[in-house]
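Quick look at query_24.txt (compact mmCIF, C-alpha atoms):
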```
# COMPACT_ATOMS: atom_id res chain seq x y z
CA MET A 27 0.00 0.00 0.00
CA LEU A 28 1.17 3.53 -0.73
CA THR A 29 1.52 5.46 2.50
CA GLN A 30 2.28 8.90 1.07
CA THR A 31 0.32 11.43 -0.93
CA THR A 32 1.20 10.69 -4.53
CA SER A 33 -0.01 9.99 -8.05
CA ARG A 34 0.88 7.10 -10.32
CA VAL A 35 -0.28 5.17 -13.38
CA LEU A 36 -2.66 2.41 -12.30
CA ASP A 37 -2.31 -1.18 -13.50
CA PRO A 38 -4.73 -4.14 -13.70
CA SER A 39 -4.20 -5.00 -10.02
CA ASP A 40 -5.82 -1.66 -9.11
CA LEU A 41 -9.12 -2.44 -10.86
CA ASP A 42 -11.30 -2.93 -7.77
CA ALA A 43 -10.02 0.25 -6.14
CA ALA A 44 -10.55 2.23 -9.35
CA LEU A 45 -14.11 0.93 -9.75
CA ALA A 46 -14.85 1.91 -6.16
CA VAL A 47 -13.88 5.51 -6.99
CA LEU A 48 -15.85 5.48 -10.25
CA ASP A 49 -18.94 4.12 -8.52
CA ARG A 50 -19.01 7.06 -6.11
CA GLU A 51 -20.52 9.16 -8.92
CA PRO A 52 -22.10 6.61 -11.28
CA VAL A 53 -23.89 9.12 -13.50
CA ALA A 54 -21.08 11.62 -14.03
CA ASN A 55 -18.53 8.81 -14.46
CA ALA A 56 -20.60 6.58 -16.77
CA PHE A 57 -18.40 7.13 -19.83
CA VAL A 58 -15.16 6.12 -18.15
CA THR A 59 -16.76 3.43 -16.00
CA ALA A 60 -18.17 1.72 -19.09
CA ARG A 61 -14.72 1.63 -20.68
CA VAL A 62 -13.04 0.31 -17.55
CA ARG A 63 -15.66 -2.42 -17.04
CA VAL A 64 -15.01 -3.70 -20.57
CA ALA A 65 -11.27 -3.15 -20.89
CA GLY A 66 -9.91 -3.12 -17.35
CA LEU A 67 -6.88 -0.91 -16.65
CA ASP A 68 -4.42 -2.31 -19.18
CA PRO A 69 -3.50 0.77 -21.27
CA TRP A 70 -3.54 -1.13 -24.58
CA ARG A 71 -7.09 -2.37 -24.03
CA LEU A 72 -8.31 0.77 -22.29
CA GLY A 73 -7.02 3.09 -25.00
CA GLY A 74 -5.10 5.20 -22.51
CA GLU A 75 -3.67 5.34 -19.03
CA MET A 76 -5.59 5.65 -15.77
CA TRP A 77 -3.83 7.92 -13.34
CA GLY A 78 -4.54 7.54 -9.63
CA TRP A 79 -4.18 10.02 -6.79
CA TYR A 80 -3.58 8.67 -3.31
CA GLU A 81 -4.26 10.41 0.01
CA ASP A 82 -2.68 8.62 3.00
CA GLY A 83 -2.39 5.44 0.98
CA MET A 84 -6.01 5.45 -0.22
CA LEU A 85 -6.96 5.88 -3.88
CA THR A 86 -9.28 8.91 -3.88
CA SER A 87 -9.18 10.44 -7.39
CA LEU A 88 -8.62 9.30 -10.96
CA CYS A 89 -7.81 10.81 -14.33
CA TYR A 90 -8.34 8.98 -17.62
CA ALA A 91 -5.66 9.96 -20.12
CA GLY A 92 -6.55 8.73 -23.60
CA ALA A 93 -8.21 10.42 -26.56
CA ASN A 94 -9.85 12.54 -23.87
CA LEU A 95 -8.37 13.74 -20.59
CA VAL A 96 -11.05 13.16 -17.94
CA PRO A 97 -10.69 14.10 -14.24
CA ILE A 98 -12.75 11.79 -12.01
CA CYS A 99 -13.76 12.61 -8.42
CA ALA A 100 -10.73 14.90 -8.53
CA THR A 101 -9.91 17.03 -5.48
CA PRO A 102 -7.93 20.27 -5.99
CA ARG A 103 -4.70 18.55 -4.89
CA ALA A 104 -5.38 15.68 -7.29
CA VAL A 105 -6.05 18.14 -10.12
CA ARG A 106 -2.67 19.78 -9.53
CA ALA A 107 -0.92 16.41 -9.61
CA PHE A 108 -2.77 15.36 -12.78
CA ALA A 109 -1.98 18.68 -14.46
CA GLU A 110 1.71 18.28 -13.69
CA ARG A 111 1.73 14.73 -15.08
CA ALA A 112 -0.16 15.86 -18.21
CA ARG A 113 2.19 18.81 -18.70
CA ARG A 114 5.25 16.56 -18.52
CA ALA A 115 3.75 14.02 -20.92
CA GLY A 116 2.66 16.64 -23.44
CA ARG A 117 -0.78 16.88 -25.00
CA ARG A 118 -1.94 13.62 -26.56
CA CYS A 119 -5.70 14.14 -26.22
CA SER A 120 -8.20 15.83 -28.52
CA SER A 121 -10.20 17.21 -25.60
CA ILE A 122 -10.40 17.65 -21.85
CA VAL A 123 -13.87 16.81 -20.58
CA GLY A 124 -15.41 16.18 -17.19
CA PRO A 125 -17.20 17.77 -14.23
CA ALA A 126 -17.05 21.52 -14.72
CA ASP A 127 -15.18 22.56 -11.56
CA ALA A 128 -12.35 20.03 -11.79
CA THR A 129 -12.05 20.46 -15.56
CA ALA A 130 -11.84 24.25 -15.20
CA GLU A 131 -9.06 23.88 -12.61
CA LEU A 132 -7.21 21.41 -14.81
CA TRP A 133 -7.44 23.66 -17.87
CA GLN A 134 -6.32 26.72 -15.91
CA LEU A 135 -3.12 24.85 -15.03
CA LEU A 136 -2.58 23.38 -18.51
CA GLU A 137 -3.55 26.31 -20.73
CA PRO A 138 -0.18 28.08 -20.42
CA HIS A 139 1.48 24.91 -21.76
CA TRP A 140 -1.20 23.46 -24.05
CA GLY A 141 -3.18 26.51 -25.12
CA PRO A 142 -4.84 27.95 -26.92
CA ALA A 143 -7.79 25.59 -27.26
CA ARG A 144 -9.89 25.53 -30.41
CA GLU A 145 -13.00 25.99 -28.28
CA VAL A 146 -13.90 25.98 -24.58
CA ARG A 147 -17.43 25.02 -23.53
CA SER A 148 -17.38 26.03 -19.90
CA ARG A 149 -20.85 24.85 -18.91
CA GLN A 150 -22.66 21.82 -20.32
CA PRO A 151 -25.61 20.90 -18.06
CA LEU A 152 -25.63 17.24 -16.97
CA MET A 153 -29.23 15.99 -17.07
CA VAL A 154 -30.79 12.76 -15.77
CA THR A 155 -34.07 10.91 -15.49
CA ASP A 156 -35.16 7.53 -14.18
CA HIS A 157 -38.70 7.38 -15.56
CA MET A 158 -40.76 7.90 -18.68
CA PRO A 159 -42.54 11.22 -19.19
CA ASP A 160 -46.27 11.48 -18.52
CA THR A 161 -46.96 14.01 -21.26
CA VAL A 162 -44.87 12.84 -24.24
CA ALA A 163 -45.74 9.62 -26.07
CA PRO A 164 -42.74 7.76 -27.59
CA ASP A 165 -42.44 7.99 -31.37
CA PRO A 166 -43.41 4.50 -32.63
CA TYR A 167 -41.20 4.92 -35.70
CA VAL A 168 -37.94 5.27 -33.76
CA ARG A 169 -36.20 1.90 -33.73
CA ARG A 170 -32.82 0.24 -33.42
CA VAL A 171 -30.54 0.69 -36.42
CA ARG A 172 -29.82 -2.64 -38.12
CA LYS A 173 -26.33 -3.86 -38.91
CA ASP A 174 -27.07 -3.68 -42.65
CA GLU A 175 -27.93 0.04 -42.33
CA MET A 176 -24.43 1.40 -41.68
CA GLU A 177 -24.37 3.25 -45.01
CA THR A 178 -27.72 4.80 -44.13
CA ILE A 179 -26.77 6.02 -40.66
CA MET A 180 -23.16 7.13 -41.26
CA PRO A 181 -23.91 10.42 -43.10
CA ALA A 182 -26.21 11.50 -40.25
CA CYS A 183 -23.54 10.56 -37.68
CA VAL A 184 -20.90 12.54 -39.58
CA ALA A 185 -23.24 15.53 -39.88
CA MET A 186 -24.03 15.44 -36.17
CA PHE A 187 -20.36 15.17 -35.14
CA THR A 188 -19.25 17.95 -37.48
CA GLU A 189 -22.02 20.25 -36.31
CA GLU A 190 -21.42 19.47 -32.63
CA VAL A 191 -17.62 19.39 -32.46
CA GLY A 192 -16.74 21.75 -35.30
CA VAL A 193 -14.48 19.34 -37.21
CA SER A 194 -15.26 16.29 -39.33
CA PRO A 195 -14.68 12.84 -37.78
CA LEU A 196 -13.40 11.77 -41.20
CA ALA A 197 -10.27 13.91 -40.86
CA GLY A 198 -6.95 12.30 -40.01
CA ASP A 199 -7.49 8.58 -40.51
CA GLY A 200 -10.27 8.93 -43.09
CA GLY A 201 -12.87 8.16 -40.44
CA LEU A 202 -11.78 4.58 -39.71
CA LEU A 203 -11.91 4.95 -35.93
CA TYR A 204 -15.19 6.85 -36.03
CA GLN A 205 -16.79 4.34 -38.37
CA ALA A 206 -15.65 1.51 -36.09
CA ARG A 207 -17.25 3.25 -33.10
CA VAL A 208 -20.55 3.75 -34.97
CA ALA A 209 -20.46 0.10 -36.06
CA GLU A 210 -19.85 -0.97 -32.45
CA LEU A 211 -22.92 0.95 -31.25
CA VAL A 212 -25.07 -0.38 -34.09
CA GLY A 213 -23.86 -3.93 -33.45
CA SER A 214 -24.63 -3.71 -29.75
CA GLY A 215 -28.17 -2.44 -30.36
CA ARG A 216 -27.47 1.02 -28.92
CA SER A 217 -28.01 3.09 -32.08
CA PHE A 218 -31.52 4.41 -32.78
CA ALA A 219 -33.12 6.28 -35.66
CA ARG A 220 -36.31 7.29 -37.38
CA LEU A 221 -36.20 6.95 -41.16
CA ASP A 222 -38.66 8.36 -43.68
CA LYS A 223 -40.30 6.28 -46.40
CA ASP A 224 -37.29 6.86 -48.67
CA GLY A 225 -34.84 5.61 -46.06
CA LYS A 226 -33.53 9.07 -45.12
CA VAL A 227 -32.59 9.62 -41.48
CA LEU A 228 -34.89 12.14 -39.79
CA PHE A 229 -33.64 11.57 -36.22
CA LYS A 230 -30.87 9.58 -34.61
CA ALA A 231 -29.27 9.07 -31.21
CA GLU A 232 -27.08 6.54 -29.45
CA ILE A 233 -26.64 5.15 -25.98
CA GLY A 234 -22.91 5.77 -25.95
CA ALA A 235 -21.96 4.54 -22.49
CA ALA A 236 -23.66 1.91 -20.34
CA THR A 237 -23.00 0.52 -16.87
CA PRO A 238 -25.26 -1.43 -14.49
CA HIS A 239 -26.02 1.88 -12.71
CA ALA A 240 -26.43 4.43 -15.50
CA CYS A 241 -26.23 5.03 -19.22
CA GLN A 242 -25.62 8.10 -21.33
CA ILE A 243 -27.46 9.19 -24.47
CA GLN A 244 -25.28 10.96 -27.02
CA GLY A 245 -25.27 12.04 -30.65
CA VAL A 246 -28.84 13.35 -30.68
CA TRP A 247 -29.54 14.80 -34.13
CA VAL A 248 -32.56 15.91 -36.14
CA ALA A 249 -32.23 16.51 -39.89
CA PRO A 250 -32.02 20.30 -40.32
CA GLU A 251 -35.08 20.52 -42.55
CA HIS A 252 -37.19 18.80 -39.90
CA ARG A 253 -36.16 20.89 -36.91
CA GLY A 254 -38.84 22.87 -35.11
CA LYS A 255 -41.60 20.43 -36.13
CA GLY A 256 -41.98 18.66 -32.79
CA LEU A 257 -40.08 15.55 -33.86
CA ALA A 258 -37.38 15.57 -31.19
CA ALA A 259 -39.34 15.09 -27.95
CA PRO A 260 -41.33 11.97 -29.00
CA ALA A 261 -38.17 10.55 -30.60
CA MET A 262 -36.18 11.13 -27.41
CA ALA A 263 -38.97 9.53 -25.40
CA ALA A 264 -38.64 6.46 -27.60
CA VAL A 265 -34.87 6.24 -27.01
CA LEU A 266 -35.46 6.77 -23.30
CA ARG A 267 -37.92 3.88 -23.24
CA TYR A 268 -35.33 1.55 -24.81
CA ALA A 269 -32.66 2.79 -22.39
CA LEU A 270 -34.72 2.29 -19.23
CA ALA A 271 -36.11 -1.06 -20.35
CA ASP A 272 -32.93 -2.63 -21.70
CA VAL A 273 -29.85 -0.81 -20.44
CA ALA A 274 -29.84 0.96 -17.05
CA PRO A 275 -32.15 2.35 -14.35
CA VAL A 276 -30.86 5.93 -14.77
CA VAL A 277 -30.38 7.73 -18.09
CA SER A 278 -28.18 10.79 -18.48
CA LEU A 279 -26.90 13.18 -21.12
CA TYR A 280 -25.07 16.46 -21.23
CA VAL A 281 -25.82 19.37 -23.51
CA ASN A 282 -24.29 22.74 -24.40
CA ASP A 283 -25.80 25.51 -22.30
CA PHE A 284 -26.34 27.63 -25.42
CA ASN A 285 -28.47 24.92 -27.07
CA THR A 286 -31.75 26.17 -25.63
CA ALA A 287 -33.93 24.14 -28.01
CA ALA A 288 -32.28 20.87 -26.99
CA ARG A 289 -32.45 21.71 -23.28
CA ARG A 290 -36.14 22.51 -23.64
CA THR A 291 -36.73 19.19 -25.41
CA TYR A 292 -34.89 17.21 -22.75
CA ARG A 293 -36.80 18.91 -19.95
CA LYS A 294 -40.05 18.16 -21.77
CA VAL A 295 -39.14 14.46 -21.76
CA GLY A 296 -38.41 14.59 -18.03
CA PHE A 297 -34.65 15.18 -17.77
CA GLN A 298 -33.51 17.39 -14.89
CA GLU A 299 -30.19 19.18 -14.46
CA ILE A 300 -28.04 17.78 -11.64
CA GLY A 301 -24.68 19.34 -12.43
CA ALA A 302 -22.49 20.47 -15.29
CA PHE A 303 -19.66 19.24 -17.47
CA MET A 304 -17.01 21.30 -19.23
CA SER A 305 -15.23 20.53 -22.50
CA VAL A 306 -11.98 21.94 -23.87
CA LEU A 307 -11.61 21.09 -27.57
CA PHE A 308 -8.27 21.10 -29.42
```
Rewrite the structure of this file - the entire thing - as structure tokens.
Amino acid sequence: MLTQTTSRVLDPSDLDAALAVLDREPVANAFVTARVRVAGLDPWRLGGEMWGWYEDGMLTSLCYAGANLVPICATPRAVRAFAERARRAGRRCSSIVGPADATAELWQLLEPHWGPAREVRSRQPLMVTDHMPDTVAPDPYVRRVRKDEMETIMPACVAMFTEEVGVSPLAGDGGLLYQARVAELVGSGRSFARLDKDGKVLFKAEIGAATPHACQIQGVWVAPEHRGKGLAAPAMAAVLRYALADVAPVVSLYVNDFNTAARRTYRKVGFQEIGAFMSVLF
């Protein structure tokens, strides 16, 4: 056991201790928890390192360092240690994302070395629900995307990502990693869409992270020409019904604070704000 206050890279033998930290905040940590439950703490399988912060020999905070840098249950002292480790390693991530307070502290320490960011989204409300809405009936035409519909769903996924993040997911490797991720979600039955009679995607969303305690809806998108027509709320209710019935007892998502239409839709379906995330995009 470590007896001092220190940080280090965790290894597979630390799995139980890491999961205990992650399970302290099952909704906020759903994304990382889902990865760790599947891949463990081996960096090759996890797609990055898991850094641990110890107080008096006890693991109290984590930071996932992969394609994203994600502080987890991070105290101010842990944030300083993680920032120093990240500064020494150099920036390898495409974003920093996590609970707003810890992420803001982390970015304040890293910005002089890593800045400027392409974009900083300082407040992204974290919203949750554990029940179906009373006033919005699920859209009966929203269904799981089939494995033979990858060519149908991919353009909508690319459009959503580009609109949301500001860069195309096809840049760099030609979209191989992104296409693999979409295929993984489709294959696991966690990709949903409503198609019109010509097979065009009108709405789509995914359950991007899932644990026994919580899951997270992501990639919500309505075709631009169909926005403002009341399509989103019933479609979201349909995805919510699948999520609660098949995936987890609590469903979460986070949304940009400036996206007032989306926040209004989510509230209509029963989601309530319980906190906030922050994202720093490079």
Under the rule of at most 10 Å, produce a per-residue listing of range 84-201 of chain A near range 33-43 of chain A: chain, number, name, the closest pair of atoms, and the distance in Å, as a tab-separated table, using all atoms listed in the file.
```
residue	atom	partner	partner_atom	distance
A:Met84	CA	A:Ala43	CA	8.8
A:Leu85	CA	A:Ala43	CA	6.8
A:Thr86	CA	A:Ala43	CA	9.0
A:Ser87	CA	A:Ser33	CA	9.2
A:Leu88	CA	A:Ser33	CA	9.1
A:Cys89	CA	A:Val35	CA	9.5
A:Tyr90	CA	A:Val35	CA	9.9
A:Ala91	CA	A:Val35	CA	9.9
A:Ala104	CA	A:Ser33	CA	7.9
A:Ala107	CA	A:Ser33	CA	6.7
A:Phe108	CA	A:Ser33	CA	7.7
A:Arg111	CA	A:Ser33	CA	8.7
```
Q. Mind pulling up the distance from CA of Cys241 in chain A to CA of Ala182 in chain A?
A. 22.0 Å
Q: Find the residues around Ala258 in chain A up to 10 Å (all atoms listed in the file counted), leave out those fewer than 4 positions away in its own chain, and share them as an MDAnalysis selection string.
A: chainID A and resid 165 228:230 246:248 252:254 262:264 287:288 291:292 295
Q) Suppose you want the space between CA of Val191 in chain A and CA of Met153 in chain A; what is it in Å? A)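 Here the two named atoms are 19.6 Å from each other.
As for CA of Val96 in chain A and CA of Trp140 in chain A, they are spaced 15.5 Å apart.
Of the residues under consideration (A:Arg144, A:Arg216, A:Arg289, A:Arg117), A:Arg144 shows the shortest atom-to-atom contact distance to Phe308 in chain A when counting only C-alpha atoms.
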Pull the closest atom pair for each residue of range 115-196 of chain A that gets at most 10 Å from range 46-66 of chain A, along with the distance in Å to one decimal, counting all atoms listed in the file, ordering rows by chain and then ascending residue number, as a tab-separated table.
```
residue	atom	partner	partner_atom	distance
A:Gly124	CA	A:Ala54	CA	7.9
A:Pro125	CA	A:Ala54	CA	7.3
A:Leu152	CA	A:Ala54	CA	7.8
A:Met153	CA	A:Val53	CA	9.4
A:Val154	CA	A:Val53	CA	8.1
```
Q.
Residues within 10 Å of (-21.3, -2.5, -26.4), file coordinates, counting all atoms listed in the file: what are they? Give the list as a VMD selection string.
A. chain A and resid 60 to 61 64 207 210 to 216 233 to 236
Kindly save the residues from that selection, with C-alpha atoms included, as an mmCIF file, in the coordinates of the input.
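Below is the file part-v2.cif, written as the result:
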```
data_model
loop_
_atom_site.group_PDB
_atom_site.id
_atom_site.type_symbol
_atom_site.label_atom_id
_atom_site.label_comp_id
_atom_site.auth_asym_id
_atom_site.auth_seq_id
_atom_site.Cartn_x
_atom_site.Cartn_y
_atom_site.Cartn_z
ATOM 1 C CA ALA A 60 -18.170 1.720 -19.090
ATOM 2 C CA ARG A 61 -14.720 1.630 -20.680
ATOM 3 C CA VAL A 64 -15.010 -3.700 -20.570
ATOM 4 C CA ARG A 207 -17.250 3.250 -33.100
ATOM 5 C CA GLU A 210 -19.850 -0.970 -32.450
ATOM 6 C CA LEU A 211 -22.920 0.950 -31.250
ATOM 7 C CA VAL A 212 -25.070 -0.380 -34.090
ATOM 8 C CA GLY A 213 -23.860 -3.930 -33.450
ATOM 9 C CA SER A 214 -24.630 -3.710 -29.750
ATOM 10 C CA GLY A 215 -28.170 -2.440 -30.360
ATOM 11 C CA ARG A 216 -27.470 1.020 -28.920
ATOM 12 C CA ILE A 233 -26.640 5.150 -25.980
ATOM 13 C CA GLY A 234 -22.910 5.770 -25.950
ATOM 14 C CA ALA A 235 -21.960 4.540 -22.490
ATOM 15 C CA ALA A 236 -23.660 1.910 -20.340
#
```
Q: Using only C-alpha atoms, determine which residues lie at most 7 Å from Val168 in chain A, disregarding the query and same-chain residues fewer than 4 positions distant; provide the list as a PyMOL selection string.
A: chain A and resi 218-220+261+264
Q | Residue with smallest distance to Glu190 in chain A - pool A:Phe284, A:Phe303, A:Trp133, A:Trp79, counting all atoms listed in the file | A | A:Phe284
Q: Would you please work out which residue, of A:Gly92, A:Gly78, A:Gly192, A:Gly73, is nearest to Leu45 in chain A when using only C-alpha atoms?
A: A:Gly78
Q | Among the residues A:Leu136, A:Asp68, A:Gly301, A:Ser217, the one that comes closest to Arg169 in chain A [using only C-alpha atoms] | A |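 The shortest atom-to-atom distance to Arg169 in chain A comes from A:Ser217.
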Q. Smallest atom-to-atom distance to Thr101 in chain A: which of A:Ala128, A:Leu72, A:Leu221, A:Val123, using all atoms listed in the file?
A. A:Ala128
Q) With distances taken over all atoms listed in the file, which of A:Glu251, A:Glu177, A:Asp160, A:Asp272 is nearest to Lys294 in chain A? A) A:Asp160
Q) What's the 7 Å shell around Arg113 in chain A, counting only C-alpha atoms, without same-chain residues fewer than 3 positions away, as a PyMOL selection string? A) chain A and resi 109-110+116+136+139
Name all residues at most 9 Å from Ile243 in chain A (count all atoms listed in the file; drop same-chain ones fewer than 4 positions away) and give them as a PDB file with C-alpha atoms, keeping the file's coordinate frame.
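Dumped to selection.pdb:
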```pdb
ATOM      1  CA  ALA A 231     -29.270   9.070 -31.210  1.00  0.00           C
ATOM      2  CA  GLU A 232     -27.080   6.540 -29.450  1.00  0.00           C
ATOM      3  CA  ILE A 233     -26.640   5.150 -25.980  1.00  0.00           C
ATOM      4  CA  GLY A 234     -22.910   5.770 -25.950  1.00  0.00           C
ATOM      5  CA  ALA A 235     -21.960   4.540 -22.490  1.00  0.00           C
ATOM      6  CA  VAL A 265     -34.870   6.240 -27.010  1.00  0.00           C
ATOM      7  CA  LEU A 266     -35.460   6.770 -23.300  1.00  0.00           C
ATOM      8  CA  ALA A 269     -32.660   2.790 -22.390  1.00  0.00           C
ATOM      9  CA  VAL A 277     -30.380   7.730 -18.090  1.00  0.00           C
ATOM     10  CA  SER A 278     -28.180  10.790 -18.480  1.00  0.00           C
ATOM     11  CA  LEU A 279     -26.900  13.180 -21.120  1.00  0.00           C
ATOM     12  CA  TYR A 280     -25.070  16.460 -21.230  1.00  0.00           C
TER      13      TYR A 280
END
```
